[in-house]
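Novice: Structure file target.tsv (TSV, C-alpha atoms) right here:
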chain	number	residue	atom	x	y	z
Q	37	MET	CA	6.33	-3.61	-2.72
Q	38	ASP	CA	4.32	-6.59	-1.12
Q	39	THR	CA	3.70	-9.25	1.58
Q	40	SER	CA	1.17	-12.08	1.71
Q	41	ARG	CA	-2.14	-10.50	2.64
Q	42	ARG	CA	-5.17	-10.90	0.50
Q	43	SER	CA	-8.77	-10.36	1.50
Q	44	PHE	CA	-10.31	-7.59	-0.47
Q	45	LEU	CA	-13.67	-6.38	-1.67
Q	46	HIS	CA	-14.16	-6.52	-5.41
Q	47	ASN	CA	-16.95	-4.10	-6.18
Q	48	SER	CA	-18.46	-4.16	-9.65
Q	49	HIS	CA	-20.20	-1.16	-11.18
Q	50	ALA	CA	-21.20	0.02	-14.61
Q	51	TRP	CA	-18.39	2.48	-15.38
Q	52	THR	CA	-18.72	5.24	-17.91
Q	53	GLN	CA	-15.84	6.07	-20.22
Q	54	GLY	CA	-15.46	9.42	-18.45
Q	55	THR	CA	-15.06	7.74	-15.07
Q	56	ILE	CA	-12.46	5.33	-16.45
Q	57	SER	CA	-10.44	8.23	-17.85
Q	58	ILE	CA	-10.51	9.98	-14.49
Q	59	LEU	CA	-9.29	6.80	-12.78
Q	60	ILE	CA	-6.35	6.45	-15.14
Q	61	ILE	CA	-5.28	10.06	-14.63
Q	62	ALA	CA	-5.67	9.75	-10.85
Q	63	LEU	CA	-3.57	6.60	-10.74
Q	64	PHE	CA	-0.70	8.27	-12.54
Q	65	SER	CA	-0.70	11.05	-9.95
Q	66	VAL	CA	0.18	8.82	-6.98
Q	67	PHE	CA	3.74	8.03	-8.05
Q	68	MET	CA	5.16	10.61	-5.66
Q	69	SER	CA	3.41	8.70	-2.86
Q	70	CYS	CA	4.58	10.49	0.28
Q	71	GLN	CA	8.10	10.79	-1.12
Q	72	LYS	CA	9.84	14.16	-1.45
Q	73	ASP	CA	13.10	13.03	-3.08
Q	74	ALA	CA	13.56	12.54	-6.80
Q	75	PRO	CA	14.26	10.45	-8.70
Q	76	GLU	CA	12.22	7.89	-6.82
Q	77	THR	CA	13.94	4.67	-5.92
Q	78	PRO	CA	12.48	2.03	-3.61
Q	79	PRO	CA	13.68	1.67	-0.01
Q	80	HIS	CA	16.79	-0.49	-0.03
Q	81	HIS	CA	20.13	-1.09	1.66
Q	82	GLY	CA	22.01	-2.05	-1.49
Q	83	MET	CA	22.16	-0.02	-4.71
Q	84	LEU	CA	19.42	-0.72	-7.20
Q	85	LYS	CA	20.74	-2.53	-10.29
Q	86	ARG	CA	17.70	-3.40	-12.41
Q	87	VAL	CA	13.92	-3.18	-12.38
Q	88	LEU	CA	12.02	-5.75	-14.42
Q	89	HIS	CA	8.57	-4.51	-15.43
Q	90	TYR	CA	5.77	-7.02	-16.07
Q	91	GLN	CA	2.24	-6.24	-17.17
Q	92	SER	CA	0.72	-9.06	-15.09
Q	93	SER	CA	1.59	-12.05	-12.93
Q	94	LYS	CA	0.94	-14.31	-15.93
Q	95	ASP	CA	3.81	-12.84	-17.95
Q	96	THR	CA	6.93	-15.00	-18.28
Q	97	PHE	CA	9.11	-12.27	-19.76
Q	98	PRO	CA	9.27	-8.61	-18.69
Q	99	ALA	CA	7.69	-5.99	-20.93
Q	100	SER	CA	10.72	-3.77	-20.26
Q	101	ILE	CA	13.86	-3.60	-18.12
Q	102	SER	CA	15.36	-0.53	-16.47
Q	103	GLU	CA	19.10	-0.64	-15.70
Q	104	TYR	CA	20.58	1.76	-13.14
Q	105	GLU	CA	24.06	3.32	-13.36
Q	106	TYR	CA	25.91	5.34	-10.69
Q	107	ASP	CA	28.91	7.65	-10.48
Q	108	SER	CA	31.95	7.28	-8.22
Q	109	LYS	CA	29.96	8.83	-5.35
Q	110	ASP	CA	27.17	6.25	-5.76
Q	111	LYS	CA	24.75	8.82	-7.15
Q	112	LEU	CA	22.30	7.66	-9.80
Q	113	VAL	CA	23.32	9.16	-13.14
Q	114	ARG	CA	21.53	7.06	-15.75
Q	115	ILE	CA	18.58	4.73	-16.21
Q	116	GLN	CA	18.77	2.74	-19.42
Q	117	GLU	CA	15.87	1.05	-21.20
Q	118	LYS	CA	15.58	-0.51	-24.63
Q	119	ASP	CA	14.19	2.52	-26.46
Q	120	ALA	CA	15.01	5.34	-24.06
Q	121	PHE	CA	17.32	6.49	-21.28
Q	122	GLU	CA	17.28	9.07	-18.48
Q	123	LEU	CA	20.21	11.21	-17.34
Q	124	PHE	CA	20.44	12.84	-13.89
Q	125	LYS	CA	22.39	15.91	-12.78
Q	126	TYR	CA	22.92	17.25	-9.25
Q	127	ASN	CA	23.58	20.62	-7.62
Q	128	GLN	CA	26.47	21.46	-5.29
Q	129	GLN	CA	24.46	20.21	-2.32
Q	130	GLY	CA	24.14	16.79	-3.96
Q	131	GLN	CA	20.42	17.28	-4.69
Q	132	LEU	CA	18.92	16.25	-7.99
Q	133	SER	CA	18.62	19.36	-10.16
Q	134	LEU	CA	17.79	18.03	-13.63
Q	135	LYS	CA	16.44	14.85	-15.21
Q	136	SER	CA	16.55	14.51	-19.00
Q	137	VAL	CA	14.77	11.80	-20.99
Q	138	TYR	CA	16.05	10.73	-24.41
Q	139	GLN	CA	14.30	8.55	-26.99
Q	140	ILE	CA	16.57	6.22	-28.95
Q	141	ASN	CA	16.06	6.15	-32.72
Q	142	GLY	CA	17.95	5.03	-35.80
Q	143	ASP	CA	19.99	8.22	-35.93
Q	144	GLY	CA	21.00	8.17	-32.28
Q	145	SER	CA	18.90	9.77	-29.55
Q	146	THR	CA	16.56	12.73	-29.20
Q	147	LEU	CA	15.76	14.72	-26.06
Q	148	SER	CA	12.03	14.29	-25.43
Q	149	ASP	CA	11.51	15.99	-22.07
Q	150	SER	CA	13.32	17.38	-19.06
Q	151	THR	CA	12.41	17.92	-15.41
Q	152	SER	CA	14.00	20.55	-13.17
Q	153	TYR	CA	13.92	20.53	-9.36
Q	154	SER	CA	14.09	23.34	-6.77
Q	155	TYR	CA	14.71	23.05	-3.02
Q	156	GLN	CA	14.32	25.05	0.17
Q	157	ASN	CA	15.77	24.08	3.56
Q	158	GLY	CA	16.71	20.71	2.09
Q	159	ASN	CA	13.15	19.96	0.92
Q	160	LEU	CA	11.99	19.61	-2.68
Q	161	ILE	CA	9.49	22.44	-3.16
Q	162	PHE	CA	9.00	22.65	-6.93
Q	163	GLU	CA	9.50	20.57	-10.06
Q	164	GLU	CA	8.63	21.25	-13.66
Q	165	LEU	CA	8.41	18.75	-16.49
Q	166	ILE	CA	8.70	20.26	-19.97
Q	167	TYR	CA	8.04	18.30	-23.14
Q	168	LEU	CA	10.11	19.07	-26.18
Q	169	PRO	CA	8.66	18.90	-29.70
Q	170	PRO	CA	7.60	16.79	-31.39
Q	171	THR	CA	4.92	15.62	-28.96
Q	172	ASN	CA	1.59	13.90	-29.49
Q	173	SER	CA	0.09	15.63	-26.49
Q	174	SER	CA	-1.51	19.06	-26.32
Q	175	ILE	CA	0.03	19.38	-22.84
Q	176	GLU	CA	3.47	20.99	-22.95
Q	177	SER	CA	4.39	21.06	-19.27
Q	178	TYR	CA	3.57	19.86	-15.76
Q	179	GLN	CA	4.34	21.77	-12.57
Q	180	THR	CA	4.28	20.39	-9.02
Q	181	LYS	CA	4.55	22.40	-5.79
Q	182	TYR	CA	5.29	20.74	-2.43
Q	183	GLU	CA	4.48	22.04	1.06
Q	184	TYR	CA	5.88	20.78	4.37
Q	185	GLU	CA	5.37	20.88	8.12
Q	186	ASP	CA	8.35	19.84	10.27
Q	187	SER	CA	10.01	18.46	7.09
Q	188	LYS	CA	7.01	16.18	6.42
Q	189	LEU	CA	5.35	16.49	3.03
Q	190	THR	CA	1.79	17.64	3.75
Q	191	ARG	CA	0.44	19.05	0.47
Q	192	LYS	CA	1.18	18.62	-3.22
Q	193	LYS	CA	-0.34	20.86	-5.90
Q	194	GLU	CA	-0.21	19.77	-9.54
Q	195	TYR	CA	-0.61	21.94	-12.62
Q	196	MET	CA	-0.85	21.33	-16.37
Q	197	ASP	CA	0.59	24.19	-18.41
Q	198	HIS	CA	0.40	26.27	-15.21
Q	199	GLN	CA	-3.34	25.60	-14.82
Q	200	PHE	CA	-4.36	23.98	-11.52
Q	201	ARG	CA	-5.13	20.27	-11.86
Q	202	ARG	CA	-5.05	18.47	-8.50
Q	203	LEU	CA	-4.33	18.81	-4.79
Q	204	THR	CA	-3.03	15.94	-2.64
Q	205	LYS	CA	-2.98	16.05	1.17
Q	206	TYR	CA	-0.83	13.63	3.18
Q	207	LYS	CA	-1.58	12.19	6.64
Q	208	TYR	CA	0.92	10.49	8.95
Q	209	SER	CA	1.18	8.16	11.90
Q	210	GLY	CA	4.46	9.20	13.48
Q	211	SER	CA	6.91	9.35	10.60
Q	212	LEU	CA	4.91	7.01	8.34
Q	213	CYS	CA	2.59	8.31	5.64
Q	214	ILE	CA	-0.68	6.42	6.02
Q	215	ARG	CA	-3.06	8.25	3.69
Q	216	GLU	CA	-3.14	10.45	0.59
Q	217	ASN	CA	-6.31	12.39	-0.21
Q	218	GLN	CA	-6.77	13.73	-3.74
Q	219	TYR	CA	-8.89	16.78	-4.53
Q	220	TYR	CA	-9.79	18.48	-7.78
Q	221	ASP	CA	-10.18	21.90	-6.23
Q	222	SER	CA	-7.38	24.04	-4.82
Q	223	ILE	CA	-8.85	24.40	-1.31
Q	224	GLY	CA	-9.45	20.68	-0.74
Q	225	SER	CA	-13.23	20.64	-0.39
Q	226	TYR	CA	-14.02	17.94	-2.98
Q	227	MET	CA	-12.20	14.64	-2.51
Q	228	ASP	CA	-12.26	12.49	-5.61
Q	229	ALA	CA	-9.95	9.64	-4.52
Q	230	TYR	CA	-7.58	8.56	-1.79
Q	231	LYS	CA	-4.84	6.06	-1.10
Q	232	ILE	CA	-4.25	4.17	2.15
Q	233	HIS	CA	-0.85	2.75	3.12
Q	234	ILE	CA	-0.44	-0.18	5.54
Q	235	TYR	CA	2.85	-1.04	7.24
Q	236	GLU	CA	4.46	-4.01	9.02
Q	237	ASN	CA	7.55	-3.37	11.13
Q	238	ASP	CA	7.73	0.15	9.65
Q	239	GLN	CA	7.88	-1.26	6.12
Q	240	LEU	CA	5.17	-0.47	3.60
Q	241	SER	CA	3.31	-3.72	2.98
Q	242	MET	CA	0.15	-2.71	1.11
Q	243	SER	CA	-1.48	0.30	-0.55
Q	244	ASN	CA	-5.14	0.62	-1.51
Q	245	PHE	CA	-6.27	3.06	-4.18
Q	246	ILE	CA	-9.90	4.10	-3.69
Q	247	ILE	CA	-12.27	6.40	-5.60
Q	248	THR	CA	-15.16	8.20	-3.92
Q	249	GLN	CA	-17.54	8.60	-6.86
Q	250	GLY	CA	-20.86	7.06	-5.85
Q	251	GLY	CA	-19.35	5.71	-2.62
Q	252	ASP	CA	-15.90	4.41	-1.72
Q	253	THR	CA	-14.70	1.79	-4.20
Q	254	VAL	CA	-11.32	0.03	-4.17
Q	255	VAL	CA	-9.91	0.09	-7.70
Q	256	GLN	CA	-6.36	-1.12	-7.12
Q	257	VAL	CA	-4.37	-2.92	-4.42
Q	258	ILE	CA	-0.55	-2.82	-4.39
Q	259	TYR	CA	1.50	-5.35	-2.40
Q	260	TYR	CA	5.15	-4.97	-1.38
Q	261	LEU	CA	7.59	-7.80	-0.65
Q	262	TYR	CA	11.07	-7.44	0.90
Q	263	ASP	CA	14.09	-9.71	1.29
Q	264	GLU	CA	15.80	-10.51	4.60
Q	265	ASN	CA	17.97	-7.39	4.28
Q	266	GLY	CA	14.99	-5.06	3.98
Q	267	ASN	CA	15.39	-4.54	0.23
Q	268	LEU	CA	12.18	-4.12	-1.74
Q	269	ILE	CA	12.16	-7.00	-4.24
Q	270	THR	CA	8.59	-7.10	-5.60
Q	271	GLU	CA	5.87	-4.51	-6.13
Q	272	SER	CA	2.67	-6.04	-7.50
Q	273	ALA	CA	-0.50	-4.16	-8.38
Q	274	GLU	CA	-3.84	-5.89	-8.77
Q	275	PRO	CA	-7.05	-4.36	-10.15
Q	276	ALA	CA	-10.16	-4.61	-8.02
Q	277	TRP	CA	-12.29	-5.82	-10.92
Q	278	GLU	CA	-11.40	-8.22	-13.70
Q	279	THR	CA	-11.85	-5.91	-16.68
Q	280	ALA	CA	-9.54	-3.16	-15.37
Q	281	THR	CA	-6.34	-4.81	-16.58
Q	282	TRP	CA	-4.59	-1.45	-17.00
Q	283	PHE	CA	-4.30	-1.29	-13.18
Q	284	SER	CA	-2.20	-4.46	-13.14
Q	285	TYR	CA	1.61	-4.59	-13.11
Q	286	ILE	CA	4.55	-6.24	-11.35
Q	287	ASN	CA	7.96	-4.68	-10.76
Q	288	ARG	CA	10.84	-6.89	-9.63
Q	289	TYR	CA	13.91	-5.19	-8.14
Q	290	GLU	CA	17.51	-6.38	-8.30
Q	291	TYR	CA	20.47	-4.93	-6.40
Q	292	TYR	CA	24.26	-4.80	-6.63
Kindly present the structure from the file in structure tokens form.
Specialist:
Amino acid sequence: MDTSRRSFLHNSHAWTQGTISILIIALFSVFMSCQKDAPETPPHHGMLKRVLHYQSSKDTFPASISEYEYDSKDKLVRIQEKDAFELFKYNQQGQLSLKSVYQINGDGSTLSDSTSYSYQNGNLIFEELIYLPPTNSSIESYQTKYEYEDSKLTRKKEYMDHQFRRLTKYKYSGSLCIRENQYYDSIGSYMDAYKIHIYENDQLSMSNFIITQGGDTVVQVIYYLYDENGNLITESAEPAWETATWFSYINRYEYY
């Protein structure tokens, strides 16, 4: 998701391994990003066909490709990748109820994890990701609870194996989410990181991911680019210092 705007501070610090680990975990937590519907698809007028994932702007070929399939009612039912695929099921209200992820192997495919979704008054209020054995992680499940005011997502609470992990608070300007504050305590007294969203003509044009350890430091900037029909066509993430290459990626979106 991008447009041409570039003038950013690149702060350099001596980072400890512990701080780097915290940053990686925090980055993975922003995928929900003011969205309450799952699975997440970018804003578009046409149906998403493929997403090409690149590790950096220097890459000629994508590291992976996700292909999207729909049913006769234009609901997403499958995302196919080279070594895995996701299947989606819906309830009678047309809301996503279950996502299942399968790993492809020589003998066929194996269910690796599943995510269930619960709703109230049309809003997603709870989801649970459960890993199926075998797994290389000591974590067996993730839970996420969502809270709303006037149908706007205002708080998200994350848990690992039912143990509290993180709180995110959302701030809005009108209907647009402009900021996400992340806390590592359940009452929101200690902010560890935050994300700022910038819009042009009501379209998300840039997001800044910032940590607050030792002062505010930009660690990643994400740009969003749209076509003339308002379809998101490029989402490019850039790290705020040269050695943090794991914060870099480019997604290119194609539509039917």
Novice: Would you pick out the contacts of segment 198-205 of chain Q at 6 Å or less, using all atoms listed in the file, so that residues sharing its chain but fewer than 4 positions from it are not included, and give the list as JSON, numbers by chain?
Specialist: {"Q": [190, 191, 192, 193, 194, 216, 217, 218, 219, 220]}
Novice: For the selection just defined, write its residues with C-alpha atoms to a file, as an mmCIF file, keeping the file's coordinate frame.
Specialist:
data_model
loop_
_atom_site.group_PDB
_atom_site.id
_atom_site.type_symbol
_atom_site.label_atom_id
_atom_site.label_comp_id
_atom_site.auth_asym_id
_atom_site.auth_seq_id
_atom_site.Cartn_x
_atom_site.Cartn_y
_atom_site.Cartn_z
ATOM 1 C CA THR Q 190 1.790 17.640 3.750
ATOM 2 C CA ARG Q 191 0.440 19.050 0.470
ATOM 3 C CA LYS Q 192 1.180 18.620 -3.220
ATOM 4 C CA LYS Q 193 -0.340 20.860 -5.900
ATOM 5 C CA GLU Q 194 -0.210 19.770 -9.540
ATOM 6 C CA GLU Q 216 -3.140 10.450 0.590
ATOM 7 C CA ASN Q 217 -6.310 12.390 -0.210
ATOM 8 C CA GLN Q 218 -6.770 13.730 -3.740
ATOM 9 C CA TYR Q 219 -8.890 16.780 -4.530
ATOM 10 C CA TYR Q 220 -9.790 18.480 -7.780
#
Novice: Rounded to one decimal in Å, what is the spacing between atom CA of Tyr235 of chain Q and atom CA of Arg215 of chain Q?
Specialist: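 A separation of 11.6 Å between them.
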Novice: Could you pull the residues within 8 Å of Ile246 of chain Q, counting all atoms listed in the file, minus those fewer than 6 positions along the same chain, as number ranges by chain?
Specialist: Q: 229-231, 252-256
Novice: Nearest residue to Met227 of chain Q out of Q:Ser284, Q:Gln129, Q:Gln116, Q:Gln249, using only C-alpha atoms?
Specialist: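 Closest to Met227 of chain Q of all the choices is Q:Gln249.
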Novice: Taking (7.7, -7.2, -20.8) in the file's coordinates as the center, which residues reach within 6 Å of it, counting all atoms listed in the file, put as a list in words?
Specialist: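 Taken together, the residues in range are Tyr90, Phe97, Pro98, Ala99 and Ser100 of chain Q.
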Novice: Export C-alpha atoms of the chosen residues as a PDB file, in the frame of the given file?
Specialist:
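Once everything was written out, this is selection_7.pdb:
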ATOM      1  CA  TYR Q  90       5.770  -7.020 -16.070  1.00  0.00           C
ATOM      2  CA  PHE Q  97       9.110 -12.270 -19.760  1.00  0.00           C
ATOM      3  CA  PRO Q  98       9.270  -8.610 -18.690  1.00  0.00           C
ATOM      4  CA  ALA Q  99       7.690  -5.990 -20.930  1.00  0.00           C
ATOM      5  CA  SER Q 100      10.720  -3.770 -20.260  1.00  0.00           C
TER       6      SER Q 100
END
Novice: Work out how far apart atom CA of Tyr285 of chain Q and atom CA of Ser92 of chain Q are and give it in Å to one decimal.
Specialist: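 So the two atoms, atom CA of Tyr285 of chain Q and atom CA of Ser92 of chain Q, lie 5.0 Å apart.
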Novice: Just the residues within 9 Å of Tyr104 of chain Q, please, counting all atoms listed in the file, with nothing from its chain fewer than 6 positions along; format it as a VMD selection string.
Specialist: chain Q and resid 83 to 87 112 to 116
Novice: Export C-alpha atoms of the chosen residues as a compact mmCIF listing (two decimals), in the frame of the given file?
Specialist:
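This went into again.txt:
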# COMPACT_ATOMS: atom_id res chain seq x y z
CA MET Q 83 22.16 -0.02 -4.71
CA LEU Q 84 19.42 -0.72 -7.20
CA LYS Q 85 20.74 -2.53 -10.29
CA ARG Q 86 17.70 -3.40 -12.41
CA VAL Q 87 13.92 -3.18 -12.38
CA LEU Q 112 22.30 7.66 -9.80
CA VAL Q 113 23.32 9.16 -13.14
CA ARG Q 114 21.53 7.06 -15.75
CA ILE Q 115 18.58 4.73 -16.21
CA GLN Q 116 18.77 2.74 -19.42
Novice: Looking at only C-alpha atoms, which of Q:Ile161, Q:Ile258, Q:Leu212, Q:Ile232 is the one that sits closest to Asn287 of chain Q?
Specialist: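 Selected residue with least distance to Asn287 of chain Q: Q:Ile258.
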Novice: Counting all atoms listed in the file, which of Q:Leu88, Q:Ile247, Q:Ile175, Q:Leu123 gets nearest to Ser150 of chain Q?
Specialist: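 Selected residue with least distance to Ser150 of chain Q: Q:Leu123.
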Novice: Please rebuild segment 158-179 of chain Q with N, CA, C and O atoms and give the result as a short mmCIF file (atom, residue, chain, number, x, y, z; two decimals), keeping the file's coordinate frame.
Specialist:
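Produced file rebuild.cif, reproduced below:
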data_model
loop_
_atom_site.label_atom_id
_atom_site.label_comp_id
_atom_site.auth_asym_id
_atom_site.auth_seq_id
_atom_site.Cartn_x
_atom_site.Cartn_y
_atom_site.Cartn_z
N GLY Q 158 16.48 22.13 2.31
CA GLY Q 158 16.71 20.71 2.09
C GLY Q 158 15.52 19.95 1.56
O GLY Q 158 15.61 18.75 1.29
N ASN Q 159 14.36 20.61 1.40
CA ASN Q 159 13.15 19.96 0.92
C ASN Q 159 12.86 20.32 -0.53
O ASN Q 159 13.04 21.49 -0.94
N LEU Q 160 12.43 19.35 -1.31
CA LEU Q 160 11.99 19.61 -2.68
C LEU Q 160 10.70 20.41 -2.62
O LEU Q 160 9.72 19.98 -2.01
N ILE Q 161 10.68 21.60 -3.22
CA ILE Q 161 9.49 22.44 -3.16
C ILE Q 161 8.84 22.66 -4.53
O ILE Q 161 7.67 23.05 -4.61
N PHE Q 162 9.58 22.41 -5.61
CA PHE Q 162 9.00 22.65 -6.93
C PHE Q 162 9.71 21.79 -7.97
O PHE Q 162 10.92 21.61 -7.92
N GLU Q 163 8.92 21.25 -8.89
CA GLU Q 163 9.50 20.57 -10.06
C GLU Q 163 8.67 20.91 -11.28
O GLU Q 163 7.46 21.14 -11.18
N GLU Q 164 9.33 20.94 -12.42
CA GLU Q 164 8.63 21.25 -13.66
C GLU Q 164 9.11 20.32 -14.76
O GLU Q 164 10.30 20.22 -15.04
N LEU Q 165 8.16 19.64 -15.37
CA LEU Q 165 8.41 18.75 -16.49
C LEU Q 165 8.01 19.47 -17.77
O LEU Q 165 6.88 19.94 -17.90
N ILE Q 166 8.95 19.57 -18.70
CA ILE Q 166 8.70 20.26 -19.97
C ILE Q 166 8.92 19.28 -21.10
O ILE Q 166 9.98 18.64 -21.19
N TYR Q 167 7.92 19.15 -21.96
CA TYR Q 167 8.04 18.30 -23.14
C TYR Q 167 8.64 19.09 -24.29
O TYR Q 167 8.31 20.26 -24.51
N LEU Q 168 9.52 18.43 -25.03
CA LEU Q 168 10.11 19.07 -26.18
C LEU Q 168 9.46 18.53 -27.44
O LEU Q 168 9.10 17.35 -27.51
N PRO Q 169 9.28 19.38 -28.46
CA PRO Q 169 8.66 18.90 -29.70
C PRO Q 169 9.57 17.90 -30.40
O PRO Q 169 10.80 17.97 -30.23
N PRO Q 170 9.04 16.94 -31.17
CA PRO Q 170 7.60 16.79 -31.39
C PRO Q 170 6.92 16.02 -30.25
O PRO Q 170 7.55 15.16 -29.64
N THR Q 171 5.68 16.34 -29.98
CA THR Q 171 4.92 15.62 -28.96
C THR Q 171 3.52 15.36 -29.47
O THR Q 171 2.96 16.18 -30.22
N ASN Q 172 2.95 14.25 -29.07
CA ASN Q 172 1.59 13.90 -29.49
C ASN Q 172 0.55 14.46 -28.53
O ASN Q 172 -0.64 14.26 -28.72
N SER Q 173 1.00 15.12 -27.50
CA SER Q 173 0.09 15.63 -26.49
C SER Q 173 -0.08 17.13 -26.63
O SER Q 173 0.85 17.84 -27.02
N SER Q 174 -1.28 17.63 -26.32
CA SER Q 174 -1.51 19.06 -26.32
C SER Q 174 -0.91 19.70 -25.07
O SER Q 174 -0.77 20.92 -25.00
N ILE Q 175 -0.56 18.88 -24.07
CA ILE Q 175 0.03 19.38 -22.84
C ILE Q 175 1.53 19.55 -23.04
O ILE Q 175 2.22 18.63 -23.48
N GLU Q 176 2.05 20.72 -22.74
CA GLU Q 176 3.47 20.99 -22.95
C GLU Q 176 4.29 20.92 -21.67
O GLU Q 176 5.50 20.73 -21.72
N SER Q 177 3.63 21.06 -20.51
CA SER Q 177 4.39 21.06 -19.27
C SER Q 177 3.52 20.67 -18.08
O SER Q 177 2.30 20.82 -18.11
N TYR Q 178 4.19 20.14 -17.05
CA TYR Q 178 3.57 19.86 -15.76
C TYR Q 178 4.38 20.57 -14.68
O TYR Q 178 5.61 20.56 -14.72
N GLN Q 179 3.68 21.16 -13.71
CA GLN Q 179 4.34 21.77 -12.57
C GLN Q 179 3.80 21.13 -11.28
O GLN Q 179 2.61 20.81 -11.20
#
